[in-house]
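Colleague: Have a look at this one before I ask anything.
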Amino acid sequence: MSNSMAYLCKAARWLMLALAMQCNLAGAQQVLRVTAIPDESPTELARKFAPLGQYLEAKLGVKVEWTPVTDYAAAVEALVNKKVDLAWFGGFTFVQAQQRAGGKIIPLVQREEDAKFRSVFITDAKSGINRLEDLKGRTLSFGAPSSTSGHLMPRSYLLAAKVNPDVDLKRISFSGAHDATIAAVASGKVDAGALNISVWEKFVADKKVDPTQVRVFFTTPGYFDYNWSVHADMPLALREKLSAAFLVLNEGNPQGKEILATQRATRFIATNPENYNGIRAAAENAGLLK
């Protein structure tokens, strides 16, 4: 081998070594940025994420950074534009993100409960409202406009009951979050509200609402809802490691029990984009998918 060839080979080895060191350094400094649709108060979202974030840091060997957003649209844009790496979406926000990203958003896992999620309609115990048709001429609060369980699916079931909320109700409003919807009904600001069943059940269990004063008068059939999603550009190895971290969570140890409890889950299961075709169809039928 000539001297010049030997020199080139040696230079190439040094270059490969330098690149490898740079990649290792980048990996060591990697941060997993996480966000969620703000369907509850900022303090509640942060409380729910804290034990999960600590767990993911240990499992993945990277720093996990919580990134709150102001509204549902901001959560969608954050993942679409890769400002975050992992996002907690509702079914509708996942569909919106998929559309915005040209199909490049991947749902990794969902809670077992999300395979058959439900919404509830609530009202004051003395309102005289007992079925969806009784809402005609009354006031109603949805959650956020892009909420699956607080707007899209409740609207869908209202339309199926021949109640057009934009025409048949005296007034509709958007509280912005499920807990705010409960507060609006409890305070008498509106006659009724539609929200996520798990938030309702948590409020009842924590005695934050008296079910003898504010009651459920309609519960929707089940539908696919929430999931943890990533951008398709996330490396496959990290995507698989992230999925595995969720899927092994169980109630058999204190850490797993705490995380599942704060996430209001019995366990996490794998999911896929096809599970949300029903949500997409409902959004299109309601004229909410643009």
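Every chain in the structure tokens has a letter given in the order shown (A, B, ...), and although residue numbers restart at 1 in each chain, ligands are simply numbered from 1 in the order shown.
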Quick one: which segment 226-285 of chain A residues come within 7 Å of segment 94-112 of chain A, and what is the nearest atom pair for each with the distance in Å to one decimal, counting only C-alpha atoms, rows ordered by chain and ascending number, as CSV?
Modeller:
```
residue,atom,partner,partner_atom,distance
A:Tyr226,CA,A:Gln110,CA,6.2
A:Asn227,CA,A:Gln110,CA,4.4
A:Trp228,CA,A:Val109,CA,5.6
A:Ser229,CA,A:Pro107,CA,4.2
A:Val230,CA,A:Ile106,CA,5.4
A:His231,CA,A:Ile105,CA,4.7
A:Ala232,CA,A:Lys104,CA,5.0
A:Ser243,CA,A:Leu108,CA,6.1
A:Ala265,CA,A:Arg111,CA,5.7
A:Thr266,CA,A:Glu112,CA,6.7
A:Arg267,CA,A:Glu112,CA,5.8
A:Phe268,CA,A:Arg111,CA,4.3
A:Ile269,CA,A:Val109,CA,5.5
A:Ala270,CA,A:Val109,CA,4.4
A:Thr271,CA,A:Val109,CA,5.1
A:Asn272,CA,A:Pro107,CA,5.8
A:Pro273,CA,A:Pro107,CA,6.4
A:Arg280,CA,A:Val95,CA,6.2
```
Colleague: Which residues come within 6 Å of segment 149-162 of chain A, counting only C-alpha atoms, excluding same-chain residues fewer than 4 positions away, as a short mmCIF file (atom, residue, chain, number, x, y, z; two decimals) with C-alpha atoms, in the first residue's frame?
Modeller:
```
data_model
loop_
_atom_site.label_atom_id
_atom_site.label_comp_id
_atom_site.auth_asym_id
_atom_site.auth_seq_id
_atom_site.Cartn_x
_atom_site.Cartn_y
_atom_site.Cartn_z
CA SER A 119 -68.51 10.78 26.99
CA PHE A 142 -68.71 21.56 25.39
CA GLY A 143 -65.02 21.33 26.34
CA ALA A 194 -70.57 17.24 27.78
CA LEU A 195 -67.26 15.78 28.90
CA ASN A 196 -64.80 12.91 29.24
#
```
Colleague: Provide the atom CA of Leu45 of chain A to atom CA of Phe117 of chain A distance in Å, to one decimal place.
Modeller: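 Atom-to-atom, atom CA of Leu45 of chain A and atom CA of Phe117 of chain A are spaced 19.3 Å apart.
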Colleague: Could you state the separation of atom CA of Leu52 of chain A and atom CA of Val34 of chain A in Å, given to one decimal place?
Modeller: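 Interatomic distance, atom CA of Leu52 of chain A to atom CA of Val34 of chain A: 10.7 Å.
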Colleague: Fewer than 3 positions away in the same chain doesn't count, so skip those; otherwise give me all residues within 8 Å of Asp71 of chain A, counting only C-alpha atoms, as number ranges by chain.
Modeller: A: 37-38, 74-75
Colleague: Would you save the residues from that selection as a short mmCIF file (atom, residue, chain, number, x, y, z; two decimals), in the first residue's frame, using C-alpha atoms?
Modeller:
```cif
data_model
loop_
_atom_site.label_atom_id
_atom_site.label_comp_id
_atom_site.auth_asym_id
_atom_site.auth_seq_id
_atom_site.Cartn_x
_atom_site.Cartn_y
_atom_site.Cartn_z
CA ILE A 37 -53.57 18.44 24.92
CA PRO A 38 -54.67 20.76 27.76
CA ALA A 74 -50.66 24.11 19.78
CA ALA A 75 -50.23 20.46 20.81
#
```
Colleague: Using DSSP assignments from the backbone, pull out every residue in segment 16-181 of chain A that falls under strand (DSSP E or B) and give it to me as number ranges by chain.
Modeller: A: 31-36, 63-66, 86-89, 105-111, 117, 119-124, 139-142, 171-174
Colleague: Given the selection you just returned, output its residues as a file containing C-alpha atoms, formatted as a PDB file, in the first residue's frame.
Modeller:
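Here's the written file out_11.pdb:
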```
ATOM      1  CA  VAL A  31     -33.892  15.180  25.525  1.00  0.00           C
ATOM      2  CA  LEU A  32     -37.317  13.627  25.042  1.00  0.00           C
ATOM      3  CA  ARG A  33     -39.745  16.543  24.881  1.00  0.00           C
ATOM      4  CA  VAL A  34     -43.312  15.653  25.848  1.00  0.00           C
ATOM      5  CA  THR A  35     -46.603  17.529  25.655  1.00  0.00           C
ATOM      6  CA  ALA A  36     -50.321  16.866  26.014  1.00  0.00           C
ATOM      7  CA  LYS A  63     -33.703  13.509  30.026  1.00  0.00           C
ATOM      8  CA  VAL A  64     -37.476  13.894  29.759  1.00  0.00           C
ATOM      9  CA  GLU A  65     -38.799  17.427  29.509  1.00  0.00           C
ATOM     10  CA  TRP A  66     -42.452  18.390  30.044  1.00  0.00           C
ATOM     11  CA  LEU A  86     -44.098  12.632  22.196  1.00  0.00           C
ATOM     12  CA  ALA A  87     -47.646  13.933  22.537  1.00  0.00           C
ATOM     13  CA  TRP A  88     -50.758  12.847  24.406  1.00  0.00           C
ATOM     14  CA  PHE A  89     -53.600  13.313  21.935  1.00  0.00           C
ATOM     15  CA  ILE A 105     -47.877  10.927  12.937  1.00  0.00           C
ATOM     16  CA  ILE A 106     -47.780   7.475  14.508  1.00  0.00           C
ATOM     17  CA  PRO A 107     -49.964   6.450  17.482  1.00  0.00           C
ATOM     18  CA  LEU A 108     -47.856   4.180  19.674  1.00  0.00           C
ATOM     19  CA  VAL A 109     -49.971   3.141  22.641  1.00  0.00           C
ATOM     20  CA  GLN A 110     -53.277   3.859  24.300  1.00  0.00           C
ATOM     21  CA  ARG A 111     -54.769   2.990  27.640  1.00  0.00           C
ATOM     22  CA  PHE A 117     -63.955   5.380  25.678  1.00  0.00           C
ATOM     23  CA  SER A 119     -68.506  10.776  26.986  1.00  0.00           C
ATOM     24  CA  VAL A 120     -71.165  11.842  29.461  1.00  0.00           C
ATOM     25  CA  PHE A 121     -73.744  14.616  29.387  1.00  0.00           C
ATOM     26  CA  ILE A 122     -74.382  16.148  32.799  1.00  0.00           C
ATOM     27  CA  THR A 123     -76.977  18.550  34.183  1.00  0.00           C
ATOM     28  CA  ASP A 124     -78.302  20.010  37.414  1.00  0.00           C
ATOM     29  CA  THR A 139     -77.735  26.052  27.151  1.00  0.00           C
ATOM     30  CA  LEU A 140     -74.858  23.594  26.832  1.00  0.00           C
ATOM     31  CA  SER A 141     -71.111  23.690  27.384  1.00  0.00           C
ATOM     32  CA  PHE A 142     -68.706  21.565  25.394  1.00  0.00           C
ATOM     33  CA  ARG A 171     -76.669  28.758  23.374  1.00  0.00           C
ATOM     34  CA  ILE A 172     -73.563  26.608  23.217  1.00  0.00           C
ATOM     35  CA  SER A 173     -70.215  27.529  24.734  1.00  0.00           C
ATOM     36  CA  PHE A 174     -66.761  26.023  25.060  1.00  0.00           C
TER      37      PHE A 174
END
```
Colleague: Could you pull the residues within 8 Å of Thr93 of chain A, counting only C-alpha atoms, minus those fewer than 6 positions along the same chain, as a list of chain:residue names?
Modeller: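 Listing them by chain and then by number gives A:Tyr72, A:Ala73, A:Val76, A:Ser146, A:Ser147, A:Thr148.
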Colleague: For the residues selected in the previous step, produce a file with C-alpha atoms as a CSV table (one decimal), in the first residue's frame.
Modeller:
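The resulting file, selection.csv, is shown below:
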```
chain,number,residue,atom,x,y,z
A,72,TYR,CA,-55.2,21.8,21.5
A,73,ALA,CA,-54.0,23.3,18.2
A,76,VAL,CA,-50.9,19.4,17.2
A,146,SER,CA,-60.9,20.1,19.2
A,147,SER,CA,-61.8,17.8,22.0
A,148,THR,CA,-62.9,14.3,21.0
```
Colleague: Could you list, as a list of chain:residue names, every residue within 12 Å of Glu258 of chain A, counting only C-alpha atoms and ignoring same-chain residues fewer than 2 positions away?
Modeller: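 Near Glu258 of chain A, the qualifying residues are A:Arg47, A:Lys48, A:Phe49, A:Ala50, A:Pro51, A:Leu52, A:Gln54, A:Tyr55, A:Leu249, A:Asn250, A:Glu251, A:Gly252, A:Asn253, A:Pro254, A:Gln255, A:Gly256, A:Leu260, A:Ala261, A:Thr262, A:Gln263, A:Arg264, A:Ala265, A:Thr266, A:Arg267.
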Colleague: Check the DSSP output for the backbone and give back, as a PyMOL selection string, the residues of segment 38-188 of chain A in helix (DSSP H, G or I).
Modeller: chain A and resi 42-60+72-80+91-100+112-116+132-135+148-160+165-168+178-186
Colleague: Please measure the separation of atom CA of Pro42 of chain A and atom CA of Asp85 of chain A, giving the value in Å to one decimal.
Modeller: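 Atom CA of Asp85 of chain A lies at a distance of 19.4 Å from atom CA of Pro42 of chain A.
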Colleague: I'd like to know which of A:Asn130, A:Tyr276, A:Glu40, A:Leu60 is closest to Arg239 of chain A, using only C-alpha atoms.
Modeller: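 Answer, going by the shortest atom-to-atom distance: A:Leu60.
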